[in-house]
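**Q** Here it is, the structure, as structure tokens.
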Amino acid sequence: PTHEPIDPVRYIANRSSGKQGYAIAEALAKAGVKTTLISGPTLLKKPKDVNVLYVETAHEMLDMVKKYMPTDIAIFAAAVADWKVTNYFPDKMKKNGTGKNLLELEENLNILETVTKNKEQRPKIVIGFAAETKDLIKEAKIKLNSRGADWILANDVSAKNNVFGSDRNTICFISKDDVEEWNEMSKVEVAQKLVKR
């Protein structure tokens with residue numbers, strides 16, 4: 001999700017399908033965990049026995065997450081856009097005849113970091129995802145520390161791995177004391193393995 005409402009003609013997004021987050025929510029519910037899934041725009045079927053709340057923007061997702069804190073476990077699997085357009089245009093931007101148009105971008109607030117830095121509301125276990133295109137373990141360890149997570153599930157989302165939109169994933173599980181490479185498996189199997197852990 002981006003920061004602004006998704007009603008303009010054009011907007012910045014990514015190819016994430018939400019399949020991994022939905023699989024995790026369903027695996028938690030099957031294990032008997034009372035589960036709320038905060039979902040961005042997707043065509044995925046609502047998981048059984050899961051309270052699903054739909055949002056459209058990164059800002060809405062952060063606000064909804066805050067409403068559900070504190071909680072015992074929080075898993076941040078959404079590939080929320082890191083950047084948003086600084087100036088939102090409610091109408092279609094017309095071509096200007098130059099063949100060029102510059103967009104100014106600014107960072108979205110990081111939802112995972114916002115939650116972990118609120119000591120009074122921080123969940124007992126915070127699990128994040130690190131979607132990287134190079135230096136997977138190094139970047140995931142940096143994210144584990146800088147975002148204040150307990151565990152990070154890192155995955156290489158470069159084009160060669162075709163993770164976004166796929167039914168399969170290859171995870172590197174990282175905690176403060178452990179780095180464990182999981183074999184490629186379905187996103188449902190990843191969810192089951194995470195829930196068991």
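Ligands are numbered from 1 in the order shown, residues from 1 within each chain, and chains are lettered A, B, ... in the order they appear in the structure tokens.
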So which residues touch Ala74 in chain A within 9 Å, counting only C-alpha atoms, skipping near sequence neighbours fewer than 2 positions away, as a ChimeraX atom specification?
**A** /A:69,71-72,76,122-128
**Q** Give the strand (DSSP E) residues of range 38-156 of chain A, as DSSP finds them on the backbone, and put them as a ChimeraX atom specification.
**A** /A:38-39,51-54,73-76,83-85,105-107,125-132,151-156
**Q** For Leu44 in chain A, work out the shell of residues within 10 Å, counting only C-alpha atoms and skipping chain neighbours fewer than 2 positions away, then give it as a list in words.
**A**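 With the cut-off at 10 Å, the set is Ser17, Gly18, Lys19, Tyr22, Ser39, Pro41, Thr42, Lys46 and Pro47 of chain A.
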**Q** Go ahead and write the selection's residues with N, CA, C and O atoms as a PDB file, in the first residue's frame.
**A**
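Written file, selection-v6.pdb:
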ATOM      1  N   SER A  17       1.491 -10.370  -3.532  1.00  0.00           N
ATOM      2  CA  SER A  17       0.120 -10.899  -3.621  1.00  0.00           C
ATOM      3  C   SER A  17      -0.580 -10.992  -2.272  1.00  0.00           C
ATOM      4  O   SER A  17      -1.802 -11.065  -2.210  1.00  0.00           O
ATOM      5  N   GLY A  18       0.183 -11.039  -1.188  1.00  0.00           N
ATOM      6  CA  GLY A  18      -0.397 -11.252   0.143  1.00  0.00           C
ATOM      7  C   GLY A  18      -0.524 -12.722   0.509  1.00  0.00           C
ATOM      8  O   GLY A  18      -0.973 -13.063   1.604  1.00  0.00           O
ATOM      9  N   LYS A  19      -0.120 -13.625  -0.403  1.00  0.00           N
ATOM     10  CA  LYS A  19      -0.313 -15.067  -0.165  1.00  0.00           C
ATOM     11  C   LYS A  19       0.376 -15.556   1.100  1.00  0.00           C
ATOM     12  O   LYS A  19      -0.179 -16.370   1.834  1.00  0.00           O
ATOM     13  N   TYR A  22      -1.585 -14.377   4.244  1.00  0.00           N
ATOM     14  CA  TYR A  22      -2.842 -15.115   4.358  1.00  0.00           C
ATOM     15  C   TYR A  22      -2.591 -16.541   4.830  1.00  0.00           C
ATOM     16  O   TYR A  22      -3.341 -17.076   5.657  1.00  0.00           O
ATOM     17  N   SER A  39      -5.198  -6.665   6.052  1.00  0.00           N
ATOM     18  CA  SER A  39      -4.828  -6.943   4.670  1.00  0.00           C
ATOM     19  C   SER A  39      -4.926  -5.705   3.797  1.00  0.00           C
ATOM     20  O   SER A  39      -5.884  -4.948   3.870  1.00  0.00           O
ATOM     21  N   PRO A  41      -4.968  -4.391  -0.375  1.00  0.00           N
ATOM     22  CA  PRO A  41      -5.796  -4.834  -1.502  1.00  0.00           C
ATOM     23  C   PRO A  41      -5.300  -6.168  -2.085  1.00  0.00           C
ATOM     24  O   PRO A  41      -4.123  -6.323  -2.359  1.00  0.00           O
ATOM     25  N   THR A  42      -6.209  -7.121  -2.224  1.00  0.00           N
ATOM     26  CA  THR A  42      -5.878  -8.425  -2.784  1.00  0.00           C
ATOM     27  C   THR A  42      -7.155  -9.107  -3.235  1.00  0.00           C
ATOM     28  O   THR A  42      -8.244  -8.751  -2.794  1.00  0.00           O
ATOM     29  N   LYS A  46     -10.791 -14.955   1.862  1.00  0.00           N
ATOM     30  CA  LYS A  46     -10.667 -14.757   3.317  1.00  0.00           C
ATOM     31  C   LYS A  46     -10.371 -16.079   4.005  1.00  0.00           C
ATOM     32  O   LYS A  46     -11.083 -17.061   3.806  1.00  0.00           O
ATOM     33  N   PRO A  47      -9.317 -16.149   4.819  1.00  0.00           N
ATOM     34  CA  PRO A  47      -9.018 -17.382   5.548  1.00  0.00           C
ATOM     35  C   PRO A  47     -10.118 -17.716   6.557  1.00  0.00           C
ATOM     36  O   PRO A  47     -10.697 -16.823   7.168  1.00  0.00           O
TER      37      PRO A  47
END
**Q** Smallest atom-to-atom distance to Tyr68 in chain A: which of A:Gln20, A:Phe173, A:Val188, A:Leu53, using only C-alpha atoms?
**A**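 Of A:Gln20, A:Phe173, A:Val188, A:Leu53, the one nearest Tyr68 in chain A is A:Leu53, counting only C-alpha atoms.
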**Q** For Val50 in chain A, list every protein, DNA or RNA residue within 12 Å, evaluated using only C-alpha atoms, and leave out those in the same chain fewer than 4 positions away; present the list as a list in words.
**A**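 That gives Gly21, Tyr22, Ala23, Ile24, Ala25, Glu26, Ala27, Leu28, Ala29, Lys30, Ala31, Gly32, Val33, Lys34, Thr35, Thr36, Leu37, Ile38, Ser39, Lys45 and Lys46 of chain A.
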**Q** Excluding range 97-109 of chain A and its own-chain neighbours fewer than 2 positions away, which residues fall within 8 Å of it when counting only C-alpha atoms? Please give them as a PyMOL selection string.
**A** chain A and resi 2-3+58-59+81-87+95+111+114
**Q** Convert the current residue selection to file output with N, CA and C atoms, as a short mmCIF file (atom, residue, chain, number, x, y, z; two decimals), in the first residue's frame.
**A**
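Final output, result.cif:
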data_model
loop_
_atom_site.label_atom_id
_atom_site.label_comp_id
_atom_site.auth_asym_id
_atom_site.auth_seq_id
_atom_site.Cartn_x
_atom_site.Cartn_y
_atom_site.Cartn_z
N THR A 2 0.38 2.29 -0.61
CA THR A 2 1.02 3.59 -0.56
C THR A 2 0.30 4.42 0.48
N HIS A 3 0.70 5.67 0.62
CA HIS A 3 0.11 6.52 1.68
C HIS A 3 -1.26 7.06 1.29
N ALA A 58 -0.69 2.49 3.26
CA ALA A 58 0.27 2.21 4.33
C ALA A 58 -0.16 2.93 5.61
N HIS A 59 -0.64 4.15 5.46
CA HIS A 59 -1.09 4.94 6.62
C HIS A 59 -2.27 4.25 7.32
N ALA A 81 4.77 -0.57 0.82
CA ALA A 81 5.65 0.30 0.05
C ALA A 81 6.53 1.13 0.99
N ASP A 82 7.83 1.17 0.71
CA ASP A 82 8.74 1.98 1.50
C ASP A 82 8.58 3.47 1.20
N TRP A 83 8.08 3.76 0.00
CA TRP A 83 8.02 5.14 -0.46
C TRP A 83 6.61 5.52 -0.86
N LYS A 84 6.30 6.79 -0.75
CA LYS A 84 5.03 7.33 -1.22
C LYS A 84 5.31 8.62 -1.99
N VAL A 85 4.41 8.98 -2.85
CA VAL A 85 4.54 10.22 -3.59
C VAL A 85 4.30 11.39 -2.63
N THR A 86 5.19 12.35 -2.65
CA THR A 86 5.08 13.49 -1.74
C THR A 86 3.83 14.31 -2.02
N ASN A 87 3.59 14.60 -3.28
CA ASN A 87 2.44 15.42 -3.65
C ASN A 87 1.37 14.55 -4.30
N LYS A 95 -0.16 14.64 -19.61
CA LYS A 95 1.16 14.74 -20.22
C LYS A 95 1.50 16.22 -20.38
N ILE A 111 6.02 0.30 9.70
CA ILE A 111 5.02 -0.21 10.65
C ILE A 111 5.67 -1.08 11.72
N THR A 114 7.66 1.09 14.15
CA THR A 114 6.75 1.91 14.96
C THR A 114 6.18 1.10 16.12
#
**Q** Go ahead and compute the interatomic distance for CA of Asp63 in chain A and CA of Glu113 in chain A, in Å to one decimal.
**A** 13.6 Å
**Q** What residues in range 88-182 of chain A get the DSSP label alpha helix (DSSP H)? Please answer as number ranges by chain.
**A** A: 111-116, 136-147
**Q** Please produce an output containing N, CA, C and O atoms for each residue in the selection, written as a CSV table (one decimal), in the first residue's frame.
**A**
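Written file, again-v6.csv:
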chain,number,residue,atom,x,y,z
A,111,ILE,N,6.0,0.3,9.7
A,111,ILE,CA,5.0,-0.2,10.7
A,111,ILE,C,5.7,-1.1,11.7
A,111,ILE,O,5.4,-0.9,12.9
A,112,LEU,N,6.6,-2.0,11.3
A,112,LEU,CA,7.2,-2.9,12.3
A,112,LEU,C,8.0,-2.1,13.3
A,112,LEU,O,7.9,-2.3,14.5
A,113,GLU,N,8.8,-1.1,12.8
A,113,GLU,CA,9.6,-0.3,13.8
A,113,GLU,C,8.7,0.5,14.7
A,113,GLU,O,9.0,0.7,15.9
A,114,THR,N,7.7,1.1,14.2
A,114,THR,CA,6.8,1.9,15.0
A,114,THR,C,6.2,1.1,16.1
A,114,THR,O,6.1,1.6,17.3
A,115,VAL,N,5.8,-0.1,15.8
A,115,VAL,CA,5.2,-1.0,16.9
A,115,VAL,C,6.3,-1.4,17.9
A,115,VAL,O,6.0,-1.4,19.1
A,116,THR,N,7.5,-1.8,17.5
A,116,THR,CA,8.5,-2.3,18.4
A,116,THR,C,9.0,-1.2,19.3
A,116,THR,O,9.5,-1.4,20.4
A,136,LEU,N,21.3,-11.1,1.4
A,136,LEU,CA,20.1,-11.5,2.1
A,136,LEU,C,20.3,-11.5,3.7
A,136,LEU,O,19.6,-10.9,4.4
A,137,ILE,N,21.3,-12.3,4.1
A,137,ILE,CA,21.5,-12.5,5.5
A,137,ILE,C,22.0,-11.3,6.2
A,137,ILE,O,21.5,-10.8,7.3
A,138,LYS,N,22.9,-10.6,5.6
A,138,LYS,CA,23.5,-9.3,6.1
A,138,LYS,C,22.4,-8.3,6.3
A,138,LYS,O,22.2,-7.7,7.4
A,139,GLU,N,21.6,-8.1,5.3
A,139,GLU,CA,20.5,-7.1,5.3
A,139,GLU,C,19.4,-7.5,6.3
A,139,GLU,O,18.9,-6.6,7.0
A,140,ALA,N,19.1,-8.8,6.4
A,140,ALA,CA,18.1,-9.2,7.4
A,140,ALA,C,18.6,-9.0,8.8
A,140,ALA,O,17.8,-8.7,9.7
A,141,LYS,N,19.8,-9.3,9.1
A,141,LYS,CA,20.4,-9.1,10.4
A,141,LYS,C,20.3,-7.6,10.8
A,141,LYS,O,20.0,-7.2,11.9
A,142,ILE,N,20.6,-6.7,9.8
A,142,ILE,CA,20.5,-5.3,10.1
A,142,ILE,C,19.1,-4.9,10.4
A,142,ILE,O,18.8,-4.2,11.4
A,143,LYS,N,18.1,-5.5,9.7
A,143,LYS,CA,16.7,-5.2,9.9
A,143,LYS,C,16.3,-5.7,11.2
A,143,LYS,O,15.5,-5.1,11.9
A,144,LEU,N,16.7,-6.9,11.6
A,144,LEU,CA,16.4,-7.5,12.9
A,144,LEU,C,16.7,-6.5,14.0
A,144,LEU,O,15.9,-6.3,14.9
A,145,ASN,N,17.9,-6.0,14.0
A,145,ASN,CA,18.4,-5.1,15.0
A,145,ASN,C,17.7,-3.7,14.9
A,145,ASN,O,17.3,-3.1,15.9
A,146,SER,N,17.7,-3.1,13.7
A,146,SER,CA,17.2,-1.7,13.6
A,146,SER,C,15.7,-1.6,13.8
A,146,SER,O,15.2,-0.6,14.3
A,147,ARG,N,15.0,-2.7,13.4
A,147,ARG,CA,13.5,-2.7,13.6
A,147,ARG,C,13.1,-3.2,14.9
A,147,ARG,O,11.9,-3.1,15.3
